[in-house]
file my_file.tsv (TSV, C-alpha atoms)
chain	number	residue	atom	x	y	z
A	1	MET	CA	49.13	129.52	134.55
A	2	ALA	CA	45.80	130.06	132.85
A	3	THR	CA	42.22	129.02	133.33
A	4	MET	CA	39.79	128.25	130.52
A	5	GLY	CA	38.67	131.89	130.58
A	6	GLU	CA	42.21	133.26	130.24
A	7	ARG	CA	44.74	133.39	127.44
A	8	VAL	CA	47.92	131.36	127.27
A	9	GLY	CA	51.11	131.92	125.37
A	10	LEU	CA	52.02	129.77	122.38
A	11	THR	CA	55.36	129.85	120.60
A	12	TYR	CA	55.58	128.70	117.01
A	13	VAL	CA	59.11	127.84	115.89
A	14	PHE	CA	59.36	127.78	112.11
A	15	ASP	CA	61.67	128.66	109.26
A	16	ALA	CA	60.45	130.29	106.07
A	17	TYR	CA	62.73	127.93	104.12
A	18	CYS	CA	61.44	124.81	105.93
A	19	ALA	CA	59.33	122.62	103.63
A	20	TRP	CA	57.73	120.84	106.59
A	21	CYS	CA	56.62	124.21	107.97
A	22	HIS	CA	55.01	124.90	104.59
A	23	GLY	CA	53.16	121.60	104.87
A	24	PHE	CA	52.05	122.36	108.42
A	25	ALA	CA	50.61	125.78	107.53
A	26	PRO	CA	46.95	124.68	107.08
A	27	SER	CA	46.92	122.91	110.44
A	28	LEU	CA	48.41	125.94	112.14
A	29	ARG	CA	45.84	128.26	110.61
A	30	ALA	CA	42.92	126.00	111.55
A	31	PHE	CA	44.19	125.62	115.11
A	32	VAL	CA	44.75	129.36	115.62
A	33	GLU	CA	41.31	130.14	114.24
A	34	ALA	CA	39.69	127.52	116.49
A	35	ARG	CA	41.43	128.70	119.67
A	36	ALA	CA	41.96	132.40	118.93
A	37	ASP	CA	40.03	133.39	122.08
A	38	HIS	CA	42.37	131.46	124.34
A	39	ALA	CA	45.88	131.80	122.92
A	40	ASP	CA	48.43	134.45	121.97
A	41	LEU	CA	50.84	133.32	119.26
A	42	ARG	CA	54.50	134.32	119.18
A	43	VAL	CA	56.60	133.30	116.17
A	44	LEU	CA	60.32	132.58	116.28
A	45	SER	CA	62.45	131.86	113.23
A	46	ALA	CA	64.43	128.66	113.59
A	47	GLY	CA	67.56	129.58	111.63
A	48	LEU	CA	67.92	126.46	109.51
A	49	TYR	CA	70.25	128.19	107.07
A	50	THR	CA	72.54	130.52	108.96
A	51	GLY	CA	76.30	130.90	109.18
A	52	ALA	CA	78.08	128.20	107.20
A	53	ARG	CA	74.73	126.73	106.06
A	54	ALA	CA	73.61	129.93	104.30
A	55	LEU	CA	74.55	128.60	100.89
A	56	PRO	CA	73.13	128.48	97.35
A	57	VAL	CA	70.30	126.03	96.74
A	58	SER	CA	72.69	123.87	94.70
A	59	ALA	CA	74.60	123.08	97.91
A	60	HIS	CA	71.51	121.36	99.33
A	61	PRO	CA	70.75	118.54	96.86
A	62	GLY	CA	68.14	116.94	99.12
A	63	LEU	CA	65.65	119.78	98.72
A	64	VAL	CA	63.79	118.22	95.79
A	65	ARG	CA	63.39	114.88	97.56
A	66	GLU	CA	62.22	116.67	100.68
A	67	SER	CA	59.58	118.71	98.82
A	68	VAL	CA	58.25	115.56	97.16
A	69	ARG	CA	58.02	113.85	100.54
A	70	VAL	CA	56.28	116.82	102.16
A	71	ALA	CA	53.80	117.05	99.29
A	72	GLU	CA	53.00	113.34	99.58
A	73	LEU	CA	52.41	113.44	103.34
A	74	THR	CA	50.75	116.83	103.76
A	75	GLY	CA	49.30	117.75	100.37
A	76	ALA	CA	51.36	120.97	100.29
A	77	HIS	CA	51.75	122.64	96.91
A	78	PHE	CA	55.18	123.46	95.49
A	79	GLY	CA	54.91	125.78	92.49
A	80	ALA	CA	56.66	126.03	89.16
A	81	GLY	CA	58.51	129.15	90.29
A	82	HIS	CA	60.01	127.26	93.20
A	83	ARG	CA	61.02	124.36	90.97
A	84	ARG	CA	62.73	126.74	88.54
A	85	THR	CA	64.64	128.47	91.32
A	86	VAL	CA	65.81	125.18	92.80
A	87	ALA	CA	66.81	123.85	89.38
A	88	GLU	CA	68.77	127.02	88.59
A	89	GLY	CA	70.55	126.64	91.91
A	90	SER	CA	72.19	130.01	92.57
A	91	THR	CA	69.71	131.50	95.07
A	92	VAL	CA	71.19	131.61	98.56
A	93	MET	CA	68.93	130.44	101.37
A	94	ASP	CA	69.73	132.69	104.32
A	95	SER	CA	67.42	132.25	107.30
A	96	THR	CA	68.70	135.39	109.01
A	97	ASP	CA	67.51	137.45	106.03
A	98	ALA	CA	64.16	135.64	106.11
A	99	ALA	CA	63.83	136.24	109.85
A	100	THR	CA	64.57	139.92	109.28
A	101	GLY	CA	61.91	140.06	106.60
A	102	LEU	CA	59.39	138.46	108.93
A	103	GLU	CA	60.18	141.02	111.62
A	104	ALA	CA	59.78	143.84	109.10
A	105	LEU	CA	56.36	142.60	108.02
A	106	LEU	CA	55.02	141.83	111.49
A	107	ALA	CA	56.13	145.23	112.80
A	108	GLN	CA	53.57	146.95	110.59
A	109	PRO	CA	50.18	148.07	111.95
A	110	GLY	CA	47.48	145.57	111.09
A	111	ALA	CA	49.86	142.72	110.20
A	112	ASP	CA	48.26	139.30	110.70
A	113	THR	CA	50.75	136.74	112.00
A	114	VAL	CA	49.44	133.57	110.35
A	115	ARG	CA	48.69	135.29	107.05
A	116	THR	CA	52.20	136.75	107.03
A	117	LEU	CA	53.78	133.34	107.59
A	118	GLU	CA	51.71	131.88	104.77
A	119	ALA	CA	52.64	134.72	102.43
A	120	MET	CA	56.35	134.22	103.06
A	121	GLN	CA	56.09	130.46	102.53
A	122	HIS	CA	54.10	131.02	99.33
A	123	ALA	CA	56.75	133.45	98.08
A	124	TRP	CA	59.43	130.76	98.34
A	125	PHE	CA	57.67	127.43	97.92
A	126	VAL	CA	55.28	128.49	95.18
A	127	ASP	CA	56.77	131.55	93.46
A	128	GLY	CA	60.43	130.79	94.10
A	129	LEU	CA	61.26	134.32	95.27
A	130	SER	CA	64.40	134.91	97.29
A	131	LEU	CA	63.73	135.84	100.91
A	132	SER	CA	66.96	137.84	100.89
A	133	ASP	CA	65.74	140.19	98.16
A	134	PRO	CA	64.24	143.45	99.49
A	135	ALA	CA	61.94	143.51	96.46
A	136	THR	CA	60.26	140.34	97.72
A	137	TYR	CA	59.09	142.16	100.83
A	138	ARG	CA	57.64	145.01	98.80
A	139	VAL	CA	55.60	142.41	96.90
A	140	LEU	CA	54.50	140.75	100.13
A	141	ALA	CA	53.58	144.09	101.66
A	142	VAL	CA	51.18	144.79	98.80
A	143	GLU	CA	49.65	141.31	99.11
A	144	LEU	CA	49.17	141.79	102.84
A	145	GLY	CA	47.75	145.28	102.60
A	146	LEU	CA	50.79	146.88	104.25
A	147	SER	CA	52.93	149.84	103.24
A	148	PRO	CA	55.68	148.67	100.83
A	149	LEU	CA	57.84	151.66	101.76
A	150	ALA	CA	57.47	151.09	105.49
A	151	VAL	CA	58.29	147.39	105.11
A	152	ALA	CA	61.32	148.14	102.91
A	153	CYS	CA	62.64	150.70	105.39
A	154	SER	CA	62.09	148.32	108.29
A	155	TYR	CA	63.85	145.49	106.46
A	156	ALA	CA	66.89	147.70	105.90
A	157	ALA	CA	67.02	148.99	109.48
A	158	PRO	CA	69.76	147.52	111.72
A	159	VAL	CA	67.31	147.32	114.64
A	160	THR	CA	65.11	144.92	112.66
A	161	ARG	CA	68.02	142.59	111.96
A	162	ALA	CA	68.98	142.81	115.61
A	163	ARG	CA	65.48	141.65	116.61
A	164	ALA	CA	65.73	138.80	114.13
A	165	ARG	CA	69.06	137.67	115.55
A	166	SER	CA	67.63	137.88	119.06
A	167	GLY	CA	64.81	135.57	117.98
A	168	LEU	CA	67.29	133.08	116.54
A	169	ARG	CA	69.14	133.03	119.85
A	170	ALA	CA	65.85	132.50	121.69
A	171	VAL	CA	65.19	129.38	119.61
A	172	ARG	CA	68.58	127.97	120.56
A	173	ARG	CA	67.72	128.45	124.22
A	174	LEU	CA	64.49	126.48	123.71
A	175	SER	CA	66.54	123.46	122.55
A	176	VAL	CA	63.98	122.61	119.87
A	177	GLU	CA	65.70	120.30	117.40
A	178	SER	CA	63.05	119.86	114.68
A	179	TYR	CA	60.61	122.17	112.96
A	180	PRO	CA	57.86	123.19	112.86
A	181	ALA	CA	57.22	123.11	116.59
A	182	LEU	CA	54.17	124.54	118.34
A	183	LEU	CA	54.90	125.05	122.04
A	184	ILE	CA	52.67	125.96	124.96
A	185	ALA	CA	54.05	127.74	128.01
A	186	THR	CA	53.49	125.66	131.15
A	187	ALA	CA	54.61	125.95	134.76
A	188	GLY	CA	57.30	123.38	134.03
A	189	GLY	CA	58.52	125.01	130.84
A	190	ASN	CA	57.50	124.81	127.21
A	191	HIS	CA	55.49	121.75	126.19
A	192	ARG	CA	55.32	120.71	122.55
A	193	LEU	CA	51.76	120.46	121.22
A	194	GLY	CA	52.65	119.20	117.79
A	195	GLY	CA	54.95	118.91	114.82
A	196	PRO	CA	54.89	118.68	111.03
A	197	LEU	CA	52.33	115.90	110.66
A	198	THR	CA	50.12	116.77	113.63
A	199	ARG	CA	46.52	117.30	112.55
A	200	VAL	CA	44.46	120.22	113.77
A	201	GLU	CA	42.19	117.87	115.73
A	202	GLU	CA	45.21	116.58	117.66
A	203	LEU	CA	46.44	120.12	118.32
A	204	THR	CA	43.11	121.30	119.69
A	205	THR	CA	42.70	118.16	121.81
A	206	ALA	CA	46.16	118.56	123.34
A	207	PHE	CA	45.54	122.26	123.98
A	208	ASP	CA	42.14	121.64	125.58
A	209	LYS	CA	43.52	118.88	127.80
A	210	TYR	CA	46.17	121.25	129.09
A	211	MET	CA	43.61	123.97	129.77
A	212	HIS	CA	41.33	121.55	131.61
A	213	ARG	CA	44.22	120.27	133.75
A	214	VAL	CA	45.07	123.84	134.73
A	215	SER	CA	41.45	124.62	135.58
A	216	ALA	CA	41.09	121.46	137.66
A	217	ALA	CA	44.30	122.21	139.55
A	218	LEU	CA	43.15	125.72	140.35
A	219	GLU	CA	39.74	124.55	141.50
A	220	GLY	CA	41.43	122.19	143.94
A	221	THR	CA	43.60	124.94	145.45
A	222	CYS	CA	42.69	126.04	148.97
A	223	THR	CA	41.83	129.70	149.34
A	224	SER	CA	41.59	131.85	152.45
call {"tool": "encode", "arguments": {"input": "my_file.tsv", "output": "structure tokens"}}
result
Amino acid sequence: MATMGERVGLTYVFDAYCAWCHGFAPSLRAFVEARADHADLRVLSAGLYTGARALPVSAHPGLVRESVRVAELTGAHFGAGHRRTVAEGSTVMDSTDAATGLEALLAQPGADTVRTLEAMQHAWFVDGLSLSDPATYRVLAVELGLSPLAVACSYAAPVTRARARSGLRAVRRLSVESYPALLIATAGGNHRLGGPLTRVEELTTAFDKYMHRVSAALEGTCTS
């Protein structure tokens, strides 16, 4: 457990194909920037579209309604490229591929976690690029100031996909049923700080309350 002067672990469960995660992105960024001195962020891919659900966009007719709803409630932008891809319908949404791409990007020296998440969400929800296409990760590498060759090689490496699959299994063990989910590690397990419509003010308040409770508990502990 941590005091106000120490760092605590946060786990962010998201999926690059999750429209609600796209809508939550500004709140996540603001929260991480506000509490960067006190928290270490780990990202796990949720695996919304794996196995039998890794299907072409046309097999998920509710995507358009969902994007409209997310835009209304969060102000998130969905670009013309995304609308064209959804209308065309043949692009397969495969969360394991997206999780592998995330691992490949974050494995590079200097990779910024939040900026990488935003870049992946922009690639799909604004530009409509497939997150199963290796070329997409070369584009993202350039945008993020990373080596396109190193990212491409990492994406193709079996060890990277193995790490992605391990992350997907970790999410299942957390028993988180909706995304995005921002979790804080506590003595009693992971506690959810917020979800898709949680504002940054609510996130920081919940985080600070936890930190103050920990500090108060430690101050009341007898020492010898």
call {"tool": "residues_around", "arguments": {"input": "my_file.tsv", "residues": "Leu44 (chain A)", "least_positions_apart": "3", "cutoff": "12 Å", "atoms": "only C-alpha atoms", "output": "PyMOL selection string"}}
result
chain A and resi 10-16+41+47-48+95-96+98-100+102-103+106+113+117+163-174+176+179-183
call {"tool": "write_last_selection", "arguments": {"input": "my_file.tsv", "atoms": "C-alpha atoms", "output": "PDB file, keeping the file's coordinate frame"}}
result
ATOM      1  CA  LEU A  10      52.020 129.770 122.380  1.00  0.00           C
ATOM      2  CA  THR A  11      55.360 129.850 120.600  1.00  0.00           C
ATOM      3  CA  TYR A  12      55.580 128.700 117.010  1.00  0.00           C
ATOM      4  CA  VAL A  13      59.110 127.840 115.890  1.00  0.00           C
ATOM      5  CA  PHE A  14      59.360 127.780 112.110  1.00  0.00           C
ATOM      6  CA  ASP A  15      61.670 128.660 109.260  1.00  0.00           C
ATOM      7  CA  ALA A  16      60.450 130.290 106.070  1.00  0.00           C
ATOM      8  CA  LEU A  41      50.840 133.320 119.260  1.00  0.00           C
ATOM      9  CA  GLY A  47      67.560 129.580 111.630  1.00  0.00           C
ATOM     10  CA  LEU A  48      67.920 126.460 109.510  1.00  0.00           C
ATOM     11  CA  SER A  95      67.420 132.250 107.300  1.00  0.00           C
ATOM     12  CA  THR A  96      68.700 135.390 109.010  1.00  0.00           C
ATOM     13  CA  ALA A  98      64.160 135.640 106.110  1.00  0.00           C
ATOM     14  CA  ALA A  99      63.830 136.240 109.850  1.00  0.00           C
ATOM     15  CA  THR A 100      64.570 139.920 109.280  1.00  0.00           C
ATOM     16  CA  LEU A 102      59.390 138.460 108.930  1.00  0.00           C
ATOM     17  CA  GLU A 103      60.180 141.020 111.620  1.00  0.00           C
ATOM     18  CA  LEU A 106      55.020 141.830 111.490  1.00  0.00           C
ATOM     19  CA  THR A 113      50.750 136.740 112.000  1.00  0.00           C
ATOM     20  CA  LEU A 117      53.780 133.340 107.590  1.00  0.00           C
ATOM     21  CA  ARG A 163      65.480 141.650 116.610  1.00  0.00           C
ATOM     22  CA  ALA A 164      65.730 138.800 114.130  1.00  0.00           C
ATOM     23  CA  ARG A 165      69.060 137.670 115.550  1.00  0.00           C
ATOM     24  CA  SER A 166      67.630 137.880 119.060  1.00  0.00           C
ATOM     25  CA  GLY A 167      64.810 135.570 117.980  1.00  0.00           C
ATOM     26  CA  LEU A 168      67.290 133.080 116.540  1.00  0.00           C
ATOM     27  CA  ARG A 169      69.140 133.030 119.850  1.00  0.00           C
ATOM     28  CA  ALA A 170      65.850 132.500 121.690  1.00  0.00           C
ATOM     29  CA  VAL A 171      65.190 129.380 119.610  1.00  0.00           C
ATOM     30  CA  ARG A 172      68.580 127.970 120.560  1.00  0.00           C
ATOM     31  CA  ARG A 173      67.720 128.450 124.220  1.00  0.00           C
ATOM     32  CA  LEU A 174      64.490 126.480 123.710  1.00  0.00           C
ATOM     33  CA  VAL A 176      63.980 122.610 119.870  1.00  0.00           C
ATOM     34  CA  TYR A 179      60.610 122.170 112.960  1.00  0.00           C
ATOM     35  CA  PRO A 180      57.860 123.190 112.860  1.00  0.00           C
ATOM     36  CA  ALA A 181      57.220 123.110 116.590  1.00  0.00           C
ATOM     37  CA  LEU A 182      54.170 124.540 118.340  1.00  0.00           C
ATOM     38  CA  LEU A 183      54.900 125.050 122.040  1.00  0.00           C
TER      39      LEU A 183
END
call {"tool": "closest_residue", "arguments": {"input": "my_file.tsv", "among": "A:Ala87, A:Ala162, A:Val8, A:Cys21", "to": "Gly195 (chain A)", "atoms": "all atoms listed in the file"}}
result
A:Cys21
call {"tool": "residues_around", "arguments": {"input": "my_file.tsv", "residues": "Val114 (chain A)", "least_positions_apart": "5", "cutoff": "10 Å", "atoms": "all atoms listed in the file", "output": "count of residues only"}}
result
9
call {"tool": "closest_residue", "arguments": {"input": "my_file.tsv", "among": "A:Leu55, A:Ala19, A:Ala141, A:Leu105", "to": "His82 (chain A)", "atoms": "only C-alpha atoms"}}
result
A:Ala19
call {"tool": "residues_around", "arguments": {"input": "my_file.tsv", "residues": "Pro56 (chain A)", "least_positions_apart": "3", "cutoff": "10 Å", "atoms": "only C-alpha atoms", "output": "list of chain:residue names"}}
result
A:Arg53, A:Ala59, A:His60, A:Val86, A:Glu88, A:Gly89, A:Ser90, A:Thr91, A:Val92, A:Met93, A:Asp94
call {"tool": "atom_distance", "arguments": {"input": "my_file.tsv", "atom1": "CA of Thr186 (chain A)", "atom2": "CA of Ala39 (chain A)"}}
result
12.8 Å
call {"tool": "closest_residue", "arguments": {"input": "my_file.tsv", "among": "A:Asp97, A:Glu66, A:Asp112, A:Glu72", "to": "Arg42 (chain A)", "atoms": "all atoms listed in the file"}}
result
A:Asp112
call {"tool": "build_atoms", "arguments": {"input": "my_file.tsv", "residues": "region 126-153 of chain A", "atoms": "N, CA and C atoms", "output": "PDB file, keeping the file's coordinate frame"}}
result
ATOM      1  N   VAL A 126      56.138 128.464  96.363  1.00  0.00           N
ATOM      2  CA  VAL A 126      55.280 128.490  95.180  1.00  0.00           C
ATOM      3  C   VAL A 126      55.891 129.372  94.092  1.00  0.00           C
ATOM      4  N   ASP A 127      56.254 130.617  94.461  1.00  0.00           N
ATOM      5  CA  ASP A 127      56.770 131.550  93.460  1.00  0.00           C
ATOM      6  C   ASP A 127      58.275 131.477  93.275  1.00  0.00           C
ATOM      7  N   GLY A 128      58.979 130.908  94.229  1.00  0.00           N
ATOM      8  CA  GLY A 128      60.430 130.790  94.100  1.00  0.00           C
ATOM      9  C   GLY A 128      61.176 132.094  94.289  1.00  0.00           C
ATOM     10  N   LEU A 129      60.613 133.026  95.052  1.00  0.00           N
ATOM     11  CA  LEU A 129      61.260 134.320  95.270  1.00  0.00           C
ATOM     12  C   LEU A 129      62.268 134.229  96.412  1.00  0.00           C
ATOM     13  N   SER A 130      63.384 134.898  96.252  1.00  0.00           N
ATOM     14  CA  SER A 130      64.400 134.910  97.290  1.00  0.00           C
ATOM     15  C   SER A 130      63.914 135.701  98.499  1.00  0.00           C
ATOM     16  N   LEU A 131      64.104 135.144  99.681  1.00  0.00           N
ATOM     17  CA  LEU A 131      63.730 135.840 100.910  1.00  0.00           C
ATOM     18  C   LEU A 131      64.868 136.695 101.442  1.00  0.00           C
ATOM     19  N   SER A 132      65.896 136.886 100.600  1.00  0.00           N
ATOM     20  CA  SER A 132      66.960 137.840 100.890  1.00  0.00           C
ATOM     21  C   SER A 132      66.837 139.092 100.036  1.00  0.00           C
ATOM     22  N   ASP A 133      65.922 139.085  99.093  1.00  0.00           N
ATOM     23  CA  ASP A 133      65.740 140.190  98.160  1.00  0.00           C
ATOM     24  C   ASP A 133      64.743 141.201  98.735  1.00  0.00           C
ATOM     25  N   PRO A 134      65.171 142.455  98.969  1.00  0.00           N
ATOM     26  CA  PRO A 134      64.240 143.450  99.490  1.00  0.00           C
ATOM     27  C   PRO A 134      62.983 143.610  98.644  1.00  0.00           C
ATOM     28  N   ALA A 135      63.099 143.375  97.341  1.00  0.00           N
ATOM     29  CA  ALA A 135      61.940 143.510  96.460  1.00  0.00           C
ATOM     30  C   ALA A 135      60.854 142.507  96.813  1.00  0.00           C
ATOM     31  N   THR A 136      61.246 141.353  97.322  1.00  0.00           N
ATOM     32  CA  THR A 136      60.260 140.340  97.720  1.00  0.00           C
ATOM     33  C   THR A 136      59.341 140.891  98.802  1.00  0.00           C
ATOM     34  N   TYR A 137      59.896 141.652  99.712  1.00  0.00           N
ATOM     35  CA  TYR A 137      59.090 142.160 100.830  1.00  0.00           C
ATOM     36  C   TYR A 137      58.181 143.307 100.405  1.00  0.00           C
ATOM     37  N   ARG A 138      58.559 144.014  99.356  1.00  0.00           N
ATOM     38  CA  ARG A 138      57.640 145.010  98.800  1.00  0.00           C
ATOM     39  C   ARG A 138      56.426 144.291  98.182  1.00  0.00           C
ATOM     40  N   VAL A 139      56.683 143.197  97.487  1.00  0.00           N
ATOM     41  CA  VAL A 139      55.600 142.410  96.900  1.00  0.00           C
ATOM     42  C   VAL A 139      54.692 141.866  97.989  1.00  0.00           C
ATOM     43  N   LEU A 140      55.288 141.310  99.034  1.00  0.00           N
ATOM     44  CA  LEU A 140      54.500 140.750 100.130  1.00  0.00           C
ATOM     45  C   LEU A 140      53.703 141.823 100.852  1.00  0.00           C
ATOM     46  N   ALA A 141      54.293 143.003 100.999  1.00  0.00           N
ATOM     47  CA  ALA A 141      53.580 144.090 101.660  1.00  0.00           C
ATOM     48  C   ALA A 141      52.296 144.434 100.922  1.00  0.00           C
ATOM     49  N   VAL A 142      52.375 144.493  99.609  1.00  0.00           N
ATOM     50  CA  VAL A 142      51.180 144.790  98.800  1.00  0.00           C
ATOM     51  C   VAL A 142      50.138 143.692  98.994  1.00  0.00           C
ATOM     52  N   GLU A 143      50.578 142.439  98.941  1.00  0.00           N
ATOM     53  CA  GLU A 143      49.650 141.310  99.110  1.00  0.00           C
ATOM     54  C   GLU A 143      48.967 141.344 100.470  1.00  0.00           C
ATOM     55  N   LEU A 144      49.688 141.803 101.473  1.00  0.00           N
ATOM     56  CA  LEU A 144      49.170 141.790 102.840  1.00  0.00           C
ATOM     57  C   LEU A 144      48.472 143.087 103.228  1.00  0.00           C
ATOM     58  N   GLY A 145      48.406 144.020 102.302  1.00  0.00           N
ATOM     59  CA  GLY A 145      47.750 145.280 102.600  1.00  0.00           C
ATOM     60  C   GLY A 145      48.565 146.194 103.492  1.00  0.00           C
ATOM     61  N   LEU A 146      49.896 146.066 103.439  1.00  0.00           N
ATOM     62  CA  LEU A 146      50.790 146.880 104.250  1.00  0.00           C
ATOM     63  C   LEU A 146      51.512 147.899 103.367  1.00  0.00           C
ATOM     64  N   SER A 147      52.190 148.830 103.990  1.00  0.00           N
ATOM     65  CA  SER A 147      52.930 149.840 103.240  1.00  0.00           C
ATOM     66  C   SER A 147      54.244 149.266 102.704  1.00  0.00           C
ATOM     67  N   PRO A 148      54.414 149.181 101.383  1.00  0.00           N
ATOM     68  CA  PRO A 148      55.680 148.670 100.830  1.00  0.00           C
ATOM     69  C   PRO A 148      56.885 149.479 101.285  1.00  0.00           C
ATOM     70  N   LEU A 149      56.733 150.806 101.343  1.00  0.00           N
ATOM     71  CA  LEU A 149      57.840 151.660 101.760  1.00  0.00           C
ATOM     72  C   LEU A 149      58.206 151.410 103.211  1.00  0.00           C
ATOM     73  N   ALA A 150      57.199 151.323 104.076  1.00  0.00           N
ATOM     74  CA  ALA A 150      57.470 151.090 105.490  1.00  0.00           C
ATOM     75  C   ALA A 150      58.141 149.741 105.704  1.00  0.00           C
ATOM     76  N   VAL A 151      57.690 148.726 104.982  1.00  0.00           N
ATOM     77  CA  VAL A 151      58.290 147.390 105.110  1.00  0.00           C
ATOM     78  C   VAL A 151      59.733 147.419 104.601  1.00  0.00           C
ATOM     79  N   ALA A 152      59.972 148.074 103.467  1.00  0.00           N
ATOM     80  CA  ALA A 152      61.320 148.140 102.910  1.00  0.00           C
ATOM     81  C   ALA A 152      62.271 148.871 103.870  1.00  0.00           C
ATOM     82  N   CYS A 153      61.806 149.961 104.449  1.00  0.00           N
ATOM     83  CA  CYS A 153      62.640 150.700 105.390  1.00  0.00           C
ATOM     84  C   CYS A 153      62.926 149.869 106.641  1.00  0.00           C
TER      85      CYS A 153
END
